[in-house]
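Novice: What follows is the file input_22.txt, containing compact mmCIF, C-alpha atoms and all ligand atoms:
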# COMPACT_ATOMS: atom_id res chain seq x y z
CA MET A 740 215.65 100.37 165.55
CA LYS A 741 217.16 97.01 166.55
CA ASP A 742 216.95 94.13 164.06
CA THR A 743 215.01 91.31 165.76
CA LEU A 744 213.35 90.07 162.52
CA TYR A 745 214.76 86.56 162.67
CA GLN A 746 213.84 86.07 166.29
CA GLN A 747 210.35 85.49 164.89
CA GLN A 748 209.74 82.15 163.20
CA ASP A 749 207.50 83.48 160.40
CA ALA A 750 210.21 85.84 159.16
CA THR A 751 211.78 82.85 157.41
CA ARG A 752 208.69 82.08 155.32
CA GLY A 753 209.33 82.94 151.68
CA GLY A 754 212.63 84.46 150.57
CA PHE A 755 214.28 87.61 151.85
CA VAL A 756 212.67 90.81 150.50
CA PHE A 757 213.48 94.46 151.09
CA ASP A 758 210.07 95.30 152.53
CA ASP A 759 208.98 97.75 155.20
CA LYS A 760 210.01 95.45 158.08
CA VAL A 761 213.55 95.17 156.71
CA ALA A 762 213.78 98.88 155.84
CA ALA A 763 212.78 99.83 159.41
CA VAL A 764 215.74 97.96 160.94
CA PHE A 765 218.12 98.11 157.97
CA SER A 766 220.78 100.37 159.43
CA ASP A 767 221.20 98.15 162.50
CA MET A 768 221.00 94.98 160.35
CA ILE A 769 223.74 95.96 157.91
CA ASN A 770 226.07 97.37 160.57
CA ARG A 771 225.82 94.18 162.67
CA SER A 772 225.99 91.86 159.62
CA VAL A 773 228.62 93.25 157.25
CA PRO A 774 232.18 93.39 158.58
CA GLY A 775 233.75 96.73 157.68
CA TYR A 776 230.48 98.37 156.55
CA ALA A 777 231.14 101.66 158.40
CA THR A 778 234.72 101.79 157.10
CA ILE A 779 233.55 101.21 153.54
CA ILE A 780 230.93 103.98 153.79
CA THR A 781 233.52 106.44 155.13
CA GLN A 782 236.01 105.58 152.39
CA ILE A 783 233.35 105.90 149.66
CA GLY A 784 233.27 109.54 150.78
CA THR A 785 237.05 109.81 150.55
CA LEU A 786 237.04 108.32 147.05
CA ALA A 787 234.22 110.67 145.98
CA GLU A 788 236.27 113.66 147.07
CA ARG A 789 239.01 112.52 144.70
CA TYR A 790 237.04 111.15 141.73
CA ALA A 791 233.87 113.23 141.37
CA GLN A 792 234.36 115.41 138.30
CA ALA A 793 232.85 118.87 137.85
CA HIS A 794 229.37 118.92 136.29
CA SER A 795 229.03 115.13 136.27
CA ARG A 796 226.68 112.60 137.87
CA CYS A 797 227.53 110.29 140.79
CA TYR A 798 225.31 107.21 141.05
CA ASP A 799 224.48 105.22 144.19
CA LEU A 800 222.85 102.07 142.78
CA GLY A 801 220.86 100.10 145.36
CA CYS A 802 221.03 103.01 147.77
CA SER A 803 218.76 101.51 150.49
CA LEU A 804 218.49 104.22 153.19
CA GLY A 805 221.14 106.35 151.49
CA ALA A 806 224.21 105.81 153.69
CA ALA A 807 226.60 105.92 150.72
CA THR A 808 224.63 108.80 149.17
CA LEU A 809 225.18 110.81 152.36
CA ALA A 810 228.91 110.03 152.29
CA LEU A 811 229.02 111.25 148.67
CA ARG A 812 226.98 114.33 149.46
CA HIS A 813 229.27 115.38 152.29
CA HIS A 814 232.56 114.77 150.47
CA ILE A 815 232.06 115.79 146.83
CA ARG A 816 234.04 118.99 146.27
CA ALA A 817 233.74 119.26 142.47
CA ALA A 818 231.36 121.97 141.23
CA GLY A 819 227.97 121.22 139.69
CA CYS A 820 227.71 117.50 140.58
CA GLU A 821 224.41 115.72 140.91
CA ILE A 822 223.92 112.47 142.88
CA VAL A 823 221.47 109.90 141.51
CA ALA A 824 220.32 107.50 144.26
CA VAL A 825 218.31 104.50 143.05
CA ASP A 826 216.61 101.55 144.70
CA ASN A 827 213.69 99.37 143.62
CA SER A 828 212.31 98.96 147.15
CA PRO A 829 209.58 101.56 147.81
CA ALA A 830 210.06 101.10 151.58
CA MET A 831 213.78 101.91 151.30
CA ILE A 832 213.21 104.87 148.99
CA GLU A 833 210.59 106.40 151.28
CA ARG A 834 213.01 106.32 154.21
CA CYS A 835 215.90 107.47 152.03
CA ARG A 836 213.93 110.55 150.99
CA ALA A 837 213.11 111.36 154.63
CA MET A 838 216.75 110.98 155.64
CA LEU A 839 217.89 113.30 152.84
CA ALA A 840 215.23 115.86 153.73
CA ALA A 841 216.78 116.05 157.20
CA ASP A 842 220.31 116.48 155.79
CA HIS A 843 221.56 119.95 154.97
CA ALA A 844 224.45 119.32 152.58
CA THR A 845 224.02 121.19 149.33
CA VAL A 846 224.89 118.71 146.55
CA PRO A 847 221.56 117.94 144.80
CA VAL A 848 220.28 114.37 144.99
CA GLN A 849 217.78 112.84 142.57
CA VAL A 850 216.14 109.87 144.34
CA GLN A 851 214.48 107.27 142.11
CA CYS A 852 212.50 104.12 142.85
CA ALA A 853 213.59 102.04 139.86
CA ASP A 854 215.22 98.82 138.75
CA LEU A 855 218.88 99.64 138.22
CA CYS A 856 218.97 97.17 135.33
CA GLU A 857 216.75 99.59 133.42
CA LEU A 858 218.24 102.86 134.61
CA PRO A 859 220.01 105.09 132.07
CA ILE A 860 223.56 105.79 133.30
CA GLU A 861 224.95 108.91 131.67
CA ASP A 862 227.79 111.38 132.09
CA ALA A 863 228.97 109.72 135.31
CA SER A 864 232.27 110.22 137.09
CA LEU A 865 231.46 107.82 139.95
CA VAL A 866 229.25 104.75 140.22
CA VAL A 867 228.77 103.04 143.59
CA LEU A 868 227.34 99.53 143.89
CA ASN A 869 227.65 98.97 147.65
CA PHE A 870 226.45 95.39 148.27
CA THR A 871 223.87 95.58 145.49
CA LEU A 872 225.18 93.60 142.49
CA GLN A 873 224.92 90.44 144.62
CA PHE A 874 221.12 90.77 144.43
CA VAL A 875 220.96 91.33 140.66
CA PRO A 876 220.19 88.13 138.69
CA LEU A 877 223.45 86.55 137.49
CA ALA A 878 222.31 86.66 133.87
CA ALA A 879 221.82 90.45 134.04
CA ARG A 880 225.17 91.33 135.61
CA ASP A 881 227.35 91.51 132.47
CA ALA A 882 224.96 93.85 130.66
CA LEU A 883 224.66 96.08 133.74
CA MET A 884 228.45 96.36 134.05
CA GLN A 885 228.73 97.21 130.36
CA ARG A 886 226.15 99.98 130.74
CA ILE A 887 228.01 101.34 133.77
CA ALA A 888 231.31 101.38 131.85
CA ALA A 889 229.63 103.06 128.87
CA GLY A 890 228.01 105.70 131.12
CA LEU A 891 231.25 106.64 132.90
CA ARG A 892 233.47 109.45 131.67
CA PRO A 893 237.17 108.72 131.06
CA GLY A 894 238.89 108.58 134.45
CA GLY A 895 235.58 107.72 136.12
CA LEU A 896 235.52 105.34 139.09
CA LEU A 897 233.45 102.28 139.91
CA ILE A 898 233.23 101.21 143.56
CA LEU A 899 231.86 97.67 143.89
CA SER A 900 231.37 96.12 147.34
CA GLU A 901 230.18 92.52 147.52
CA LYS A 902 229.91 89.43 149.65
CA VAL A 903 232.28 87.12 147.76
CA GLN A 904 232.86 83.42 147.34
CA ILE A 905 236.41 82.32 148.16
CA GLU A 906 237.93 80.03 145.50
CA ASP A 907 239.50 77.62 147.98
CA ALA A 908 236.61 75.58 149.44
CA ALA A 909 238.20 75.17 152.88
CA LEU A 910 238.92 78.91 153.18
CA ASP A 911 235.42 79.70 151.92
CA ALA A 912 234.00 77.55 154.73
CA LEU A 913 236.35 79.23 157.23
CA PHE A 914 235.36 82.77 156.17
CA ILE A 915 231.63 81.90 156.27
CA ASP A 916 232.18 80.57 159.78
CA LEU A 917 234.15 83.67 160.82
CA HIS A 918 231.38 85.85 159.41
CA HIS A 919 228.81 83.98 161.49
CA ARG A 920 231.11 84.44 164.51
CA PHE A 921 231.21 88.20 163.71
CA LYS A 922 227.40 88.25 163.74
CA ALA A 923 227.31 86.36 167.05
CA GLN A 924 229.77 88.89 168.50
CA ASN A 925 227.27 91.57 167.45
CA GLY A 926 224.44 89.95 169.40
CA TYR A 927 222.69 87.69 166.87
CA SER A 928 221.74 84.25 168.25
CA GLY A 929 222.60 81.00 166.46
CA THR A 930 218.93 80.66 165.46
CA GLU A 931 218.77 84.18 164.01
CA ILE A 932 221.97 83.57 162.02
CA ALA A 933 220.70 80.23 160.65
CA ARG A 934 217.27 81.66 159.71
CA LYS A 935 218.78 84.66 157.91
CA ARG A 936 221.16 82.35 156.07
CA ALA A 937 218.23 80.22 154.86
CA ALA A 938 216.18 83.28 153.82
CA ILE A 939 219.02 84.85 151.83
CA GLU A 940 219.96 81.64 149.99
CA ASN A 941 219.43 82.09 146.22
CA VAL A 942 218.50 85.75 146.80
CA LEU A 943 222.05 86.94 147.43
CA VAL A 944 224.29 85.14 144.92
CA PRO A 945 228.00 85.78 145.59
CA GLU A 946 230.73 85.38 143.00
CA THR A 947 234.51 85.10 143.30
CA LEU A 948 236.80 88.12 143.12
CA ARG A 949 238.19 86.61 139.91
CA ALA A 950 234.70 86.59 138.32
CA HIS A 951 234.17 90.23 139.32
CA GLU A 952 237.54 91.26 137.91
CA GLN A 953 236.88 89.41 134.64
CA ARG A 954 233.47 91.06 134.20
CA ILE A 955 234.83 94.50 135.06
CA ARG A 956 237.79 94.22 132.67
CA ALA A 957 235.59 92.75 129.90
CA ALA A 958 233.30 95.78 130.25
CA GLY A 959 236.25 98.01 129.39
CA PHE A 960 237.72 99.18 132.68
CA ALA A 961 241.48 99.74 132.50
CA SER A 962 242.37 98.94 136.10
CA PHE A 963 241.01 96.90 138.99
CA ALA A 964 241.97 96.45 142.65
CA VAL A 965 240.49 95.16 145.88
CA TRP A 966 240.95 98.03 148.34
CA PHE A 967 239.18 96.40 151.33
CA GLN A 968 238.45 92.87 152.47
CA CYS A 969 237.35 91.30 155.73
CA PHE A 970 236.59 87.58 155.48
CA ASN A 971 234.11 87.10 152.60
CA PHE A 972 233.22 90.79 152.26
CA ALA A 973 235.23 92.88 149.80
CA SER A 974 235.20 96.26 148.16
CA MET A 975 236.76 96.80 144.75
CA VAL A 976 237.63 99.83 142.63
CA ALA A 977 238.03 100.10 138.87
CA VAL A 978 238.90 103.12 136.73
CA LYS A 979 237.74 103.72 133.18
CA ALA A 980 240.60 104.62 130.84
C1 LIG B 1001 224.24 100.87 151.59
N1 LIG B 1001 224.01 100.36 149.21
O1 LIG B 1001 223.73 101.03 152.72
N2 LIG B 1001 217.35 97.66 141.36
C2 LIG B 1001 217.45 98.57 142.34
N3 LIG B 1001 217.76 98.24 143.64
C3 LIG B 1001 217.97 96.96 143.91
C4 LIG B 1001 217.90 95.95 142.92
C5 LIG B 1001 217.58 96.35 141.60
N4 LIG B 1001 217.48 95.46 140.61
N5 LIG B 1001 218.15 94.75 143.51
C6 LIG B 1001 218.39 95.00 144.81
N6 LIG B 1001 218.26 96.34 145.07
C7 LIG B 1001 223.38 100.21 150.53
C8 LIG B 1001 223.11 98.78 150.89
S1 LIG B 1001 221.47 96.64 150.31
C9 LIG B 1001 222.65 95.46 150.78
C10 LIG B 1001 222.52 97.98 149.77
C11 LIG B 1001 222.18 94.37 151.69
C12 LIG B 1001 218.44 97.03 146.34
C13 LIG B 1001 217.62 96.47 147.50
O2 LIG B 1001 216.30 96.96 147.48
C14 LIG B 1001 218.43 96.93 148.71
O3 LIG B 1001 217.96 98.16 149.23
C15 LIG B 1001 219.84 97.08 148.16
O4 LIG B 1001 219.77 96.85 146.75
C16 LIG B 1001 220.85 96.11 148.75
O5 LIG B 1001 225.38 101.23 151.29
O6 LIG B 1001 221.01 94.36 152.09
O7 LIG B 1001 223.04 93.50 151.99
What does the file become when written as structure tokens?
Specialist:
Amino acid sequence: MKDTLYQQQDATRGGFVFDDKVAAVFSDMINRSVPGYATIITQIGTLAERYAQAHSRCYDLGCSLGAATLALRHHIRAAGCEIVAVDNSPAMIERCRAMLAADHATVPVQVQCADLCELPIEDASLVVLNFTLQFVPLAARDALMQRIAAGLRPGGLLILSEKVQIEDAALDALFIDLHHRFKAQNGYSGTEIARKRAAIENVLVPETLRAHEQRIRAAGFASFAVWFQCFNFASMVAVKA
């Protein structure tokens, strides 16, 4: 279903929430709003094929409708893996369950409606945070990353995709402008882009790549790299020693 939410004036009242209206149009919204989203989803599958370890768990934290979960499910080759897909939006989880029920891949998926800040993370070989950490309160991010690192097996992989802040103010302004241009190229009007920007302010809090790397290394990961970036959207990987 096409995202026309911000064509309506009242959609800007209150902050952005992942309610039923958003969940209903989410696939269209994220594909038209996040440069490289489809590429990132595909490559999450490729990375899962390589990093999922036998008899381990693979987590999709902030799974929304389950796009990354599906990529994991169709590419994991290791025996005995279980996917844990988590989101705290009941509207997203309901649709995610329906989508998985219609999918016939065989890797088992445990779908949970829960706050990922309270979720136990255990015996993991892969943890995916695909545009989710940006919505977690800043003060809770260090502890979450430490729990992820602690829950990963040696050699386990973190995939972290985020909207990022560029350190150079002029380039930050340029990339924000180019992102808005990308949205206009995908059919959003100037009014829709401005309303969404206002609604998301203080709800989505981006950090710099340097801040992400520092947090990830401080949590105990041995390596870190940005494997994808388009404007102010990036995807990072980190491996636990
Ligand atoms: C995808 N990964 O399509 N606990 C659980 N879920 C949360 C929390 C939290 N504390 N905070 C936010 N969420 C998906 C896209 S969308 C990205 C992820 C976007 C959930 C929230 O409910 C929403 O479904 C998701 O994180 C972020 O690959 O909308 O830009």
Novice: Excluding A:Val850 and residues on its chain fewer than 4 positions from it, collect all residues at most 7 Å away from it, counting only C-alpha atoms, and give them as a PDB file with C-alpha atoms, in the coordinates of the input.
Specialist:
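out.pdb was written with the following content:
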ATOM      1  CA  VAL A 823     221.470 109.900 141.510  1.00  0.00           C
ATOM      2  CA  ALA A 824     220.320 107.500 144.260  1.00  0.00           C
ATOM      3  CA  VAL A 825     218.310 104.500 143.050  1.00  0.00           C
TER       4      VAL A 825
END
Novice: Between atom CA of A:Ala964 and atom S1 of ligand LIG 1001 (chain B), what is the distance, to one decimal in Å?
Specialist: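 Atom-to-atom, atom CA of A:Ala964 and atom S1 of ligand LIG 1001 (chain B) are spaced 21.9 Å apart.
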Novice: So that I can see what lies close to A:Leu891, please list as a PyMOL selection string the residues with an atom at most 7 Å from it, counting all atoms listed in the file and leaving out residues fewer than 3 positions away in the same chain.
Specialist: chain A and resi 861-864+887-888+895
Novice: For stretch 928-941 of chain A, list every protein, DNA or RNA residue within 6 Å, evaluated using all atoms listed in the file, and leave out those in the same chain fewer than 2 positions away; present the list as a tab-separated table (two decimals) with C-alpha atoms, keeping the file's coordinate frame.
Specialist:
chain	number	residue	atom	x	y	z
A	745	TYR	CA	214.76	86.56	162.67
A	746	GLN	CA	213.84	86.07	166.29
A	751	THR	CA	211.78	82.85	157.41
A	754	GLY	CA	212.63	84.46	150.57
A	755	PHE	CA	214.28	87.61	151.85
A	943	LEU	CA	222.05	86.94	147.43
A	944	VAL	CA	224.29	85.14	144.92
Novice: Within 10 Å of A:Ala763, counting all atoms listed in the file, which residues qualify if same-chain residues fewer than 5 places away don't, as an mmCIF file with C-alpha atoms, in the frame of the given file?
Specialist:
data_model
loop_
_atom_site.group_PDB
_atom_site.id
_atom_site.type_symbol
_atom_site.label_atom_id
_atom_site.label_comp_id
_atom_site.auth_asym_id
_atom_site.auth_seq_id
_atom_site.Cartn_x
_atom_site.Cartn_y
_atom_site.Cartn_z
ATOM 1 C CA MET A 740 215.650 100.370 165.550
ATOM 2 C CA LYS A 741 217.160 97.010 166.550
ATOM 3 C CA ASP A 742 216.950 94.130 164.060
ATOM 4 C CA PHE A 757 213.480 94.460 151.090
ATOM 5 C CA ASP A 758 210.070 95.300 152.530
ATOM 6 C CA MET A 768 221.000 94.980 160.350
ATOM 7 C CA LEU A 804 218.490 104.220 153.190
ATOM 8 C CA ALA A 830 210.060 101.100 151.580
ATOM 9 C CA MET A 831 213.780 101.910 151.300
ATOM 10 C CA ARG A 834 213.010 106.320 154.210
#
Novice: Quick one: everything within 8 Å of stretch 897-906 of chain A, counting only C-alpha atoms, minus sequence neighbours fewer than 5 positions away in the same chain. Send it as number ranges by chain.
Specialist: A: 783, 865-873, 911, 945-948, 971-978
Novice: Could you check the closest approach to ligand LIG 1001 (chain B) for each of A:Val875, A:Ala844, A:Ala810, A:Ala923 and tell me which residue wins, using all atoms listed in the file?
Specialist: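 Answer, going by the shortest atom-to-atom distance: A:Val875.
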Novice: Find the residue from A:Trp966, A:Asp881, A:Pro847, A:Ala840 that sits nearest to A:Gln782; use only C-alpha atoms when measuring.
Specialist: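 Ranked by minimum distance to A:Gln782, first place goes to A:Trp966.
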Novice: May I have the centre and edge lengths, in Å to one decimal, of an axis-aligned box around the listed atoms of ligand LIG 1001 (chain B) with 5 Å added to every side, as lines of an AutoDock Vina configuration file?
Specialist:
center_x = 220.8
center_y = 97.4
center_z = 146.7
size_x = 19.1
size_y = 17.7
size_z = 22.1
Novice: Kindly indicate which residue among A:Thr778, A:Gln924, A:Gln849, A:Gln792 lies nearest to ligand LIG 1001 (chain B), using all atoms listed in the file for the distances.
Specialist: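 Looking at the shortest contact to ligand LIG 1001 (chain B), the residue is A:Thr778.
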Novice: What separation in Å, quoted to one decimal, exists between atom CA of A:Val764 and atom CA of A:Ile822?
Specialist: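 Atom CA of A:Ile822 lies 24.6 Å from atom CA of A:Val764.
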Novice: With only C-alpha atoms counted, which protein, DNA or RNA residues have an atom no more than 9 Å from (236.9, 96.4, 133.6) in the file frame? Please answer as a ChimeraX atom specification.
Specialist: /A:884-885,888,951-963,977-979
Novice: Rank nothing, just name the residue among A:Gly775, A:Gly819, A:Gly784, A:Gly805 nearest to ligand LIG 1001 (chain B), using all atoms listed in the file.
Specialist: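 Ranked by minimum distance to ligand LIG 1001 (chain B), first place goes to A:Gly805.
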Novice: Which distance in Å separates atom CA of A:Ala879 and atom C13 of ligand LIG 1001 (chain B), to one decimal?
Specialist: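 Interatomic distance, atom CA of A:Ala879 to atom C13 of ligand LIG 1001 (chain B): 15.3 Å.
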Novice: Give the answer as one residue: which of A:Pro774, A:Asp907, A:Pro893, A:Arg886 has the shortest atom-to-atom distance to A:Ser795, using all atoms listed in the file?
Specialist: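 For A:Ser795, the nearest of the candidates is A:Pro893.
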